[in-house]
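Next comes query-v1.cif, a file with mmCIF, C-alpha atoms and all ligand atoms.
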data_run
loop_
_atom_site.label_atom_id
_atom_site.label_comp_id
_atom_site.auth_asym_id
_atom_site.auth_seq_id
_atom_site.Cartn_x
_atom_site.Cartn_y
_atom_site.Cartn_z
CA MET A 1 34.71 39.18 -8.44
CA THR A 2 37.56 37.26 -10.06
CA VAL A 3 40.30 39.40 -11.55
CA THR A 4 42.53 37.63 -14.08
CA HIS A 5 44.92 40.02 -15.72
CA ARG A 6 48.01 38.67 -17.43
CA SER A 7 51.40 40.36 -17.35
CA ARG A 8 54.05 41.25 -19.92
CA ILE A 9 57.52 42.77 -20.09
CA LEU A 10 57.14 46.32 -21.41
CA GLY A 11 60.75 47.52 -21.43
CA VAL A 12 64.31 46.62 -20.47
CA GLY A 13 67.30 48.69 -19.30
CA MET A 14 70.77 48.14 -17.89
CA ALA A 15 73.75 49.91 -16.36
CA LEU A 16 77.44 49.10 -15.91
CA PRO A 17 80.20 50.67 -13.84
CA LYS A 18 82.75 52.67 -15.84
CA ASN A 19 85.81 50.62 -14.86
CA VAL A 20 86.61 47.52 -16.93
CA VAL A 21 88.78 44.84 -15.27
CA THR A 22 90.54 42.39 -17.57
CA ASN A 23 91.87 38.96 -16.69
CA HIS A 24 95.35 40.44 -17.10
CA ASP A 25 94.49 43.08 -14.46
CA LEU A 26 93.53 40.27 -12.06
CA ALA A 27 96.70 38.34 -12.85
CA LYS A 28 98.67 41.31 -11.43
CA LYS A 29 96.92 40.82 -8.05
CA MET A 30 96.71 37.03 -7.73
CA GLU A 31 98.12 33.84 -9.21
CA THR A 32 95.88 33.35 -12.19
CA SER A 33 96.03 33.77 -15.95
CA HIS A 34 93.85 34.96 -18.80
CA GLU A 35 94.10 31.47 -20.33
CA TRP A 36 92.91 29.67 -17.14
CA ILE A 37 89.95 31.98 -16.69
CA VAL A 38 88.86 31.85 -20.35
CA GLU A 39 89.25 28.09 -20.57
CA ARG A 40 87.26 27.33 -17.39
CA THR A 41 84.66 30.11 -17.51
CA GLY A 42 84.68 31.98 -20.84
CA ILE A 43 85.13 35.30 -18.98
CA GLU A 44 87.48 37.88 -20.53
CA THR A 45 86.44 41.09 -18.77
CA ARG A 46 84.09 42.29 -16.05
CA TYR A 47 83.22 45.76 -14.72
CA TRP A 48 83.89 46.76 -11.13
CA VAL A 49 82.57 49.89 -9.41
CA GLU A 50 84.60 52.85 -8.24
CA PRO A 51 83.63 54.99 -5.22
CA GLY A 52 80.33 56.75 -5.90
CA GLU A 53 78.88 53.92 -8.01
CA THR A 54 76.46 51.77 -5.96
CA GLY A 55 73.86 49.08 -6.45
CA ALA A 56 71.18 51.75 -6.06
CA SER A 57 72.78 54.20 -8.51
CA MET A 58 73.18 51.51 -11.18
CA GLY A 59 69.71 50.14 -10.39
CA ALA A 60 68.16 53.58 -10.83
CA GLU A 61 70.01 54.12 -14.12
CA ALA A 62 68.84 50.75 -15.46
CA ALA A 63 65.29 51.47 -14.23
CA LYS A 64 65.14 54.84 -16.00
CA GLU A 65 66.16 53.23 -19.29
CA ALA A 66 63.64 50.40 -18.83
CA LEU A 67 60.85 52.93 -18.14
CA ALA A 68 61.82 54.98 -21.22
CA ASN A 69 61.86 51.84 -23.39
CA ALA A 70 58.50 50.80 -21.94
CA SER A 71 57.02 54.31 -22.45
CA VAL A 72 55.84 54.16 -18.83
CA ASP A 73 56.01 57.34 -16.75
CA VAL A 74 57.93 56.82 -13.52
CA LYS A 75 54.89 58.16 -11.62
CA ASP A 76 52.88 55.16 -12.86
CA VAL A 77 55.14 52.62 -11.11
CA ASP A 78 53.13 50.86 -8.35
CA LEU A 79 55.84 48.61 -6.86
CA ILE A 80 59.62 48.24 -6.92
CA ILE A 81 61.11 44.75 -6.57
CA TYR A 82 64.85 44.86 -5.97
CA ALA A 83 66.76 41.58 -6.29
CA THR A 84 70.33 41.35 -4.99
CA LEU A 85 72.79 39.32 -2.95
CA SER A 86 74.87 42.44 -2.33
CA PRO A 87 72.65 45.09 -0.71
CA ASP A 88 74.21 48.54 -0.44
CA PHE A 89 73.76 48.45 3.35
CA ASN A 90 72.83 45.85 5.96
CA PHE A 91 69.49 47.60 6.31
CA PRO A 92 67.27 49.11 5.06
CA GLY A 93 66.91 47.25 1.78
CA THR A 94 68.31 48.92 -1.33
CA GLY A 95 64.90 49.26 -3.01
CA VAL A 96 64.12 52.42 -1.04
CA PHE A 97 67.35 54.05 -2.21
CA VAL A 98 66.37 53.35 -5.82
CA GLN A 99 62.89 54.69 -5.09
CA ARG A 100 64.42 57.90 -3.75
CA ALA A 101 66.77 58.22 -6.74
CA LEU A 102 63.76 57.90 -9.05
CA GLY A 103 61.95 60.69 -7.17
CA LEU A 104 59.19 58.35 -5.97
CA ARG A 105 57.53 58.16 -2.55
CA ASP A 106 54.92 56.01 -0.83
CA ILE A 107 54.91 53.06 -3.25
CA PRO A 108 56.06 49.74 -1.71
CA CYS A 109 59.63 48.49 -2.19
CA LEU A 110 60.31 44.80 -1.87
CA ASP A 111 63.89 43.52 -1.59
CA ILE A 112 64.41 39.85 -2.41
CA ARG A 113 67.44 37.62 -1.76
CA GLN A 114 67.59 34.65 -4.11
CA GLN A 115 71.05 35.37 -5.55
CA CYS A 116 71.47 34.30 -9.17
CA THR A 117 67.81 33.20 -9.34
CA GLY A 118 66.64 36.57 -7.98
CA PHE A 119 65.41 37.85 -11.33
CA ILE A 120 63.27 34.75 -11.98
CA TYR A 121 61.79 34.97 -8.46
CA GLY A 122 61.12 38.67 -9.07
CA LEU A 123 59.36 37.91 -12.35
CA SER A 124 57.24 35.32 -10.59
CA ILE A 125 56.23 37.76 -7.84
CA ALA A 126 55.49 40.55 -10.33
CA ASP A 127 53.44 38.21 -12.52
CA ALA A 128 51.39 37.05 -9.52
CA TYR A 129 50.71 40.61 -8.33
CA ILE A 130 49.60 41.70 -11.78
CA ARG A 131 47.37 38.64 -12.19
CA THR A 132 45.52 39.53 -8.98
CA GLY A 133 45.01 43.10 -10.17
CA MET A 134 46.77 44.49 -7.08
CA PHE A 135 49.44 46.35 -9.10
CA LYS A 136 49.55 47.55 -12.69
CA ASN A 137 53.16 48.59 -13.39
CA ILE A 138 56.04 46.94 -11.55
CA LEU A 139 59.71 47.83 -11.76
CA LEU A 140 61.89 44.75 -11.30
CA ILE A 141 65.57 45.49 -10.78
CA GLY A 142 68.52 43.13 -10.38
CA SER A 143 71.63 44.97 -9.23
CA GLU A 144 74.93 43.80 -7.76
CA VAL A 145 78.17 45.19 -6.41
CA HIS A 146 80.36 42.16 -5.86
CA SER A 147 83.74 43.80 -6.22
CA THR A 148 83.86 45.55 -2.82
CA GLY A 149 83.42 42.15 -1.11
CA LEU A 150 85.81 39.92 -3.06
CA ASP A 151 89.16 38.48 -1.96
CA VAL A 152 91.56 39.73 -4.62
CA SER A 153 94.45 37.67 -3.27
CA THR A 154 95.32 34.20 -4.57
CA SER A 155 93.29 32.53 -1.80
CA GLY A 156 90.07 33.96 -3.28
CA ARG A 157 90.88 33.42 -6.95
CA ASP A 158 88.38 30.63 -7.64
CA VAL A 159 85.47 32.97 -6.76
CA THR A 160 86.87 36.43 -7.47
CA VAL A 161 87.59 35.95 -11.17
CA LEU A 162 83.94 35.04 -11.81
CA PHE A 163 82.06 38.08 -10.58
CA GLY A 164 81.21 41.46 -12.08
CA ASP A 165 79.10 44.44 -11.01
CA GLY A 166 76.10 45.79 -12.92
CA ALA A 167 72.35 46.25 -13.02
CA GLY A 168 69.44 45.23 -15.22
CA ALA A 169 65.80 46.27 -14.99
CA VAL A 170 62.47 45.48 -16.57
CA VAL A 171 59.07 47.11 -16.40
CA ILE A 172 56.26 44.59 -16.08
CA GLY A 173 52.72 45.68 -16.89
CA ARG A 174 49.37 44.29 -17.97
CA ALA A 175 49.19 42.24 -21.17
CA THR A 176 46.59 43.38 -23.64
CA ASP A 177 46.77 40.31 -25.89
CA ASP A 178 48.28 36.82 -25.87
CA LYS A 179 51.10 37.77 -28.26
CA HIS A 180 53.08 39.50 -25.49
CA MET A 181 52.82 37.93 -22.05
CA ILE A 182 54.57 36.05 -19.30
CA LEU A 183 53.47 32.48 -19.94
CA SER A 184 54.89 30.76 -16.86
CA THR A 185 57.33 30.98 -13.99
CA HIS A 186 58.66 28.05 -11.96
CA ILE A 187 60.75 28.73 -8.86
CA HIS A 188 62.54 26.30 -6.54
CA ALA A 189 64.90 26.16 -3.57
CA ASP A 190 66.71 23.54 -1.50
CA GLY A 191 68.62 24.58 1.61
CA ALA A 192 70.40 21.22 2.02
CA ASP A 193 73.55 22.66 0.41
CA ALA A 194 73.15 26.28 1.52
CA GLU A 195 76.79 26.57 2.60
CA ILE A 196 78.44 25.40 -0.64
CA LEU A 197 78.21 28.97 -1.94
CA TRP A 198 77.96 31.64 0.74
CA THR A 199 79.54 34.44 2.71
CA GLU A 200 79.54 33.55 6.39
CA TYR A 201 80.50 36.88 7.99
CA PRO A 202 79.32 39.42 9.14
CA ALA A 203 76.32 37.51 10.48
CA SER A 204 73.73 37.99 13.22
CA ALA A 205 74.02 34.22 13.77
CA ARG A 206 77.61 34.74 14.93
CA HIS A 207 78.70 36.26 18.26
CA PRO A 208 80.11 38.76 17.56
CA ARG A 209 78.84 39.41 14.07
CA ILE A 210 82.37 40.11 12.86
CA SER A 211 85.73 39.75 14.55
CA ALA A 212 89.39 40.24 13.78
CA GLU A 213 89.77 36.43 13.98
CA ALA A 214 87.01 35.81 11.43
CA MET A 215 88.55 38.38 9.13
CA ALA A 216 92.03 36.90 9.57
CA GLU A 217 90.53 33.58 8.44
CA ARG A 218 89.02 35.46 5.46
CA LYS A 219 85.51 34.35 6.43
CA HIS A 220 84.01 37.66 5.33
CA TYR A 221 84.72 36.68 1.72
CA PRO A 222 82.48 34.43 -0.38
CA THR A 223 83.46 30.76 -0.57
CA MET A 224 82.32 28.14 -3.04
CA GLU A 225 82.65 24.45 -3.71
CA GLY A 226 82.93 25.07 -7.42
CA LYS A 227 82.57 21.53 -8.74
CA ARG A 228 79.45 20.82 -6.64
CA VAL A 229 77.88 24.11 -7.72
CA PHE A 230 78.67 23.26 -11.34
CA LYS A 231 77.01 19.83 -11.04
CA HIS A 232 73.88 21.25 -9.44
CA ALA A 233 73.63 23.91 -12.15
CA VAL A 234 73.82 21.47 -15.06
CA THR A 235 71.15 19.29 -13.41
CA LYS A 236 68.64 21.89 -12.24
CA MET A 237 68.72 24.22 -15.23
CA PRO A 238 67.70 21.61 -17.85
CA ALA A 239 65.02 20.32 -15.43
CA SER A 240 63.63 23.86 -15.05
CA ILE A 241 63.53 24.38 -18.81
CA MET A 242 61.68 21.09 -19.28
CA GLU A 243 59.21 21.99 -16.53
CA GLY A 244 58.29 25.22 -18.33
CA MET A 245 58.07 23.51 -21.72
CA VAL A 246 55.69 20.86 -20.37
CA THR A 247 53.51 23.47 -18.62
CA ASN A 248 53.19 25.51 -21.81
CA ASN A 249 52.99 22.50 -24.12
CA LEU A 250 56.02 23.71 -26.10
CA LYS A 251 58.62 22.00 -28.28
CA LEU A 252 62.28 22.99 -28.17
CA THR A 253 61.92 24.48 -31.65
CA ASP A 254 59.27 26.89 -30.34
CA ILE A 255 61.93 28.73 -28.29
CA ASP A 256 63.33 31.72 -30.18
CA MET A 257 66.03 32.55 -27.63
CA MET A 258 67.32 31.13 -24.38
CA ILE A 259 68.61 33.76 -21.93
CA PRO A 260 70.34 31.80 -19.16
CA HIS A 261 71.88 33.17 -16.00
CA GLN A 262 75.50 34.03 -16.73
CA ALA A 263 77.56 32.04 -14.20
CA ASN A 264 79.96 30.20 -16.46
CA LEU A 265 79.96 29.84 -20.25
CA ARG A 266 80.82 26.14 -19.88
CA ILE A 267 77.73 25.56 -17.71
CA ASN A 268 75.49 27.24 -20.29
CA GLN A 269 77.06 25.36 -23.21
CA MET A 270 76.57 22.07 -21.35
CA VAL A 271 72.92 22.91 -20.57
CA GLY A 272 72.34 23.72 -24.25
CA GLN A 273 73.92 20.43 -25.36
CA MET A 274 71.97 18.43 -22.78
CA ILE A 275 68.61 19.67 -24.05
CA GLY A 276 69.68 19.72 -27.73
CA LEU A 277 69.37 23.48 -28.22
CA PRO A 278 71.22 24.88 -31.26
CA PRO A 279 73.99 27.22 -29.96
CA GLU A 280 72.63 30.18 -31.93
CA LYS A 281 69.44 30.00 -29.86
CA MET A 282 71.27 30.86 -26.64
CA HIS A 283 72.61 34.33 -25.87
CA ASN A 284 75.60 34.80 -23.54
CA THR A 285 77.27 37.92 -22.21
CA ILE A 286 79.46 36.46 -19.48
CA MET A 287 82.54 36.91 -21.69
CA LYS A 288 82.37 40.70 -21.31
CA TRP A 289 80.49 41.21 -18.01
CA GLY A 290 81.27 38.16 -15.80
CA ASN A 291 78.65 36.83 -13.40
CA THR A 292 76.45 39.72 -12.26
CA THR A 293 74.10 37.44 -10.27
CA ALA A 294 70.55 38.90 -10.04
CA ALA A 295 71.42 41.39 -12.79
CA SER A 296 72.75 38.86 -15.28
CA ILE A 297 69.50 37.80 -16.96
CA PRO A 298 68.04 41.29 -17.57
CA MET A 299 71.49 42.49 -18.76
CA CYS A 300 71.82 39.53 -21.13
CA PHE A 301 68.23 40.05 -22.34
CA TYR A 302 68.95 43.75 -22.96
CA ASP A 303 72.06 42.81 -24.96
CA ALA A 304 70.17 40.23 -27.04
CA ILE A 305 67.60 42.87 -27.97
CA LYS A 306 70.31 45.41 -28.75
CA VAL A 307 72.21 43.09 -31.10
CA GLY A 308 68.97 42.10 -32.86
CA LYS A 309 68.78 38.50 -31.61
CA VAL A 310 65.45 39.14 -29.83
CA LYS A 311 62.47 41.04 -31.19
CA GLN A 312 58.95 41.75 -29.98
CA GLY A 313 56.76 38.66 -29.98
CA ASP A 314 59.67 36.19 -29.66
CA LEU A 315 59.34 33.28 -27.26
CA ILE A 316 62.06 33.64 -24.64
CA CYS A 317 63.16 31.16 -22.01
CA PHE A 318 64.90 32.60 -18.95
CA VAL A 319 66.60 30.04 -16.72
CA ALA A 320 68.75 30.42 -13.62
CA PHE A 321 70.54 28.65 -10.85
CA GLY A 322 72.24 30.07 -7.78
CA ALA A 323 73.19 30.04 -4.14
CA GLY A 324 70.61 28.86 -1.66
CA LEU A 325 70.40 26.68 -3.61
CA THR A 326 67.77 28.26 -5.80
CA TRP A 327 66.73 27.69 -9.40
CA GLY A 328 63.90 28.31 -11.81
CA SER A 329 62.70 29.28 -15.27
CA ALA A 330 60.33 31.70 -16.93
CA PHE A 331 58.79 31.49 -20.39
CA VAL A 332 57.87 34.83 -21.87
CA ARG A 333 56.37 35.96 -25.14
CA PHE A 334 58.16 39.31 -25.39
C1 LIG B 1 85.06 27.85 -10.35
C2 LIG B 1 85.34 26.86 -11.48
C3 LIG B 1 85.56 27.63 -12.77
C4 LIG B 1 86.63 26.13 -11.12
O1 LIG B 1 86.91 25.19 -12.13
P1 LIG B 1 87.31 23.70 -11.74
O2 LIG B 1 87.62 23.01 -12.99
O3 LIG B 1 86.24 23.15 -10.86
O4 LIG B 1 88.65 23.95 -10.98
P2 LIG B 1 89.08 23.41 -9.54
O5 LIG B 1 88.31 24.13 -8.47
O6 LIG B 1 89.06 21.92 -9.54
O7 LIG B 1 90.55 23.91 -9.50
C5 LIG B 1 91.54 23.37 -10.38
C6 LIG B 1 92.86 24.05 -10.04
O8 LIG B 1 92.83 25.40 -10.47
C7 LIG B 1 93.14 26.27 -9.38
N1 LIG B 1 92.41 27.51 -9.53
C8 LIG B 1 91.21 27.87 -8.99
N2 LIG B 1 90.89 29.12 -9.38
C9 LIG B 1 91.89 29.55 -10.18
C10 LIG B 1 92.12 30.74 -10.88
N3 LIG B 1 91.27 31.77 -10.86
N4 LIG B 1 93.25 30.83 -11.61
C11 LIG B 1 94.13 29.83 -11.68
N5 LIG B 1 93.97 28.66 -11.03
C12 LIG B 1 92.86 28.53 -10.28
C13 LIG B 1 92.75 25.48 -8.14
O9 LIG B 1 93.46 25.95 -7.02
C14 LIG B 1 93.14 24.08 -8.54
O10 LIG B 1 94.53 23.93 -8.36
P3 LIG B 1 95.14 22.52 -7.85
O11 LIG B 1 94.76 21.52 -8.91
O12 LIG B 1 96.57 22.80 -7.75
O13 LIG B 1 94.47 22.24 -6.54
C15 LIG B 1 84.19 25.85 -11.66
O14 LIG B 1 84.17 24.93 -10.60
C16 LIG B 1 82.85 26.50 -11.77
O15 LIG B 1 82.60 27.29 -12.66
N6 LIG B 1 81.92 26.17 -10.86
C17 LIG B 1 80.62 26.78 -10.84
C18 LIG B 1 80.76 28.18 -10.33
C19 LIG B 1 79.51 28.97 -10.44
O16 LIG B 1 78.86 28.92 -11.44
N7 LIG B 1 79.20 29.76 -9.42
C20 LIG B 1 78.12 30.67 -9.42
C21 LIG B 1 76.82 29.91 -9.38
S1 LIG B 1 75.50 30.99 -9.58
#
Is it possible to express this structure as structure tokens?
Amino acid sequence: MTVTHRSRILGVGMALPKNVVTNHDLAKKMETSHEWIVERTGIETRYWVEPGETGASMGAEAAKEALANASVDVKDVDLIIYATLSPDFNFPGTGVFVQRALGLRDIPCLDIRQQCTGFIYGLSIADAYIRTGMFKNILLIGSEVHSTGLDVSTSGRDVTVLFGDGAGAVVIGRATDDKHMILSTHIHADGADAEILWTEYPASARHPRISAEAMAERKHYPTMEGKRVFKHAVTKMPASIMEGMVTNNLKLTDIDMMIPHQANLRINQMVGQMIGLPPEKMHNTIMKWGNTTAASIPMCFYDAIKVGKVKQGDLICFVAFGAGLTWGSAFVRF
């Protein structure tokens, strides 16, 4: 028997830490300025957790809102997919902590590690599971706590000013018509430049996993070759968008809203210009939330719905690029 269900996004939710961190706050800790950060990245504020706020607690909060907006009872969730580059603990994965916070037991929890492309990979996995008929309602969560792992001294300023904490979640269920469905997902990776954006320590590949020497050299903080990352992003994101448009036989004018990963406003503006997308057809939230990695797309999508830029039935293009390197796109009729 062939089972061919299609999937759709039923509801969206998000959560933020309470504590807002402005560029001026950062300038008190490192040599930087509000003007430098805004000019290069567009970021004005980001939110950073305080003790007690975790990836799991924000993920659960976002999930509850997504379930309420989807009108899906938490007991009807068949699978949790949790995308992050910043798990709460080394192991087990954070998905089980979200499961526990939601009062669920027994259902599978799948943690995935594709950084800023995590949400697109998660959508692709959820779509495939629903198409086979294996699962009916899937909770996909992107959640990140960057702030506890960032170098807030001047030596870490190129990376630290970019990142924010937060969570976004969607409920993915079966489509009942072709007006609301995930049309396509395309996911890619290339490990050739894996080290241009990474955190080397602590690592099971190192003996010992962490040492005073490694910490003195600040190797437990993320490092990035910013210009190379930028170039990859403005190459791979337009290519991913085109790939999805060709697959679905779409014109640029068919897209109602582009929801790109929020890494840098300048990257997104350049991607828009390269493909000829009118600026009003792209939504950005990096100015207020910074780069929240796997959470950035569902948070930006949530915001676009909230401000009335996206409504049911709209054709949405999600596109992302991140460490790995990883990249991909998803076309969705919401
Ligand atoms: C990080 C990024 C904004 C830096 O911008 P850039 O124009 O490449 O800047 P550079 O790295 O060449 O640095 C220019 C100068 O600013 C300095 N600088 C770096 N970070 C700074 C900061 N936060 N504040 C002030 N000055 C800073 C550098 O030290 C350098 O100084 P120098 O000229 O004296 O050596 C940019 O490369 C970028 O956005 N890259 C992509 C990042 C990204 O998207 N990552 C996530 C991918 S998912």
Within 10 Å of file point (62.7, 44.9, -3.3), counting only C-alpha atoms, expressed as number ranges by chain: A: 79-84, 93-96, 98-99, 108-113, 122, 139-142
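Taking all atoms listed in the file into account, the residues that come within 7 Å of ligand LIG 1 (chain B) are Glu31, Thr32, Ser33, Trp36, Ile37, Arg40, Thr41, Cys116, Arg157, Asp158, Val159, Val161, Gly226, Lys227, Val229, Phe230, Ala263, Asn264, Thr293, Phe321, Gly322 and Ala323 of chain A.
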May I have the selected residues written with C-alpha atoms, as a short mmCIF file (atom, residue, chain, number, x, y, z; two decimals), keeping the file's coordinate frame?
data_model
loop_
_atom_site.label_atom_id
_atom_site.label_comp_id
_atom_site.auth_asym_id
_atom_site.auth_seq_id
_atom_site.Cartn_x
_atom_site.Cartn_y
_atom_site.Cartn_z
CA GLU A 31 98.12 33.84 -9.21
CA THR A 32 95.88 33.35 -12.19
CA SER A 33 96.03 33.77 -15.95
CA TRP A 36 92.91 29.67 -17.14
CA ILE A 37 89.95 31.98 -16.69
CA ARG A 40 87.26 27.33 -17.39
CA THR A 41 84.66 30.11 -17.51
CA CYS A 116 71.47 34.30 -9.17
CA ARG A 157 90.88 33.42 -6.95
CA ASP A 158 88.38 30.63 -7.64
CA VAL A 159 85.47 32.97 -6.76
CA VAL A 161 87.59 35.95 -11.17
CA GLY A 226 82.93 25.07 -7.42
CA LYS A 227 82.57 21.53 -8.74
CA VAL A 229 77.88 24.11 -7.72
CA PHE A 230 78.67 23.26 -11.34
CA ALA A 263 77.56 32.04 -14.20
CA ASN A 264 79.96 30.20 -16.46
CA THR A 293 74.10 37.44 -10.27
CA PHE A 321 70.54 28.65 -10.85
CA GLY A 322 72.24 30.07 -7.78
CA ALA A 323 73.19 30.04 -4.14
#
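Using all atoms listed in the file, the smallest distance between any of A:Gly156, A:Gly328, A:Gly166, A:Gly42 and Met242 in chain A comes from A:Gly328.
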From the list A:Ala194, A:Met270, A:Ala68, A:Ala205, the nearest residue to Ala233 in chain A using all atoms listed in the file is A:Met270
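Computed from the coordinates, the CA of Gly133 in chain A to CA of Val332 in chain A distance equals 19.3 Å.
Contact shell of Glu200 in chain A at 9 Å (all atoms listed in the file; same-chain neighbours under 5 positions omitted): Glu195, Arg206, Lys219, His220, Tyr221, Pro222 and Thr223 of chain A.
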Give, as JSON, the centre coordinates and the x, y and z edge lengths in Å to one decimal for an axis-aligned box around all listed atoms of range 75-82 of chain A, padded by 6 Å on each side.
{"center_x": 58.9, "center_y": 51.5, "center_z": -9.4, "size_x": 24.0, "size_y": 25.4, "size_z": 18.9}
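Straight-line separation from CA of Ile255 in chain A to CA of Gly290 in chain A: 24.9 Å.
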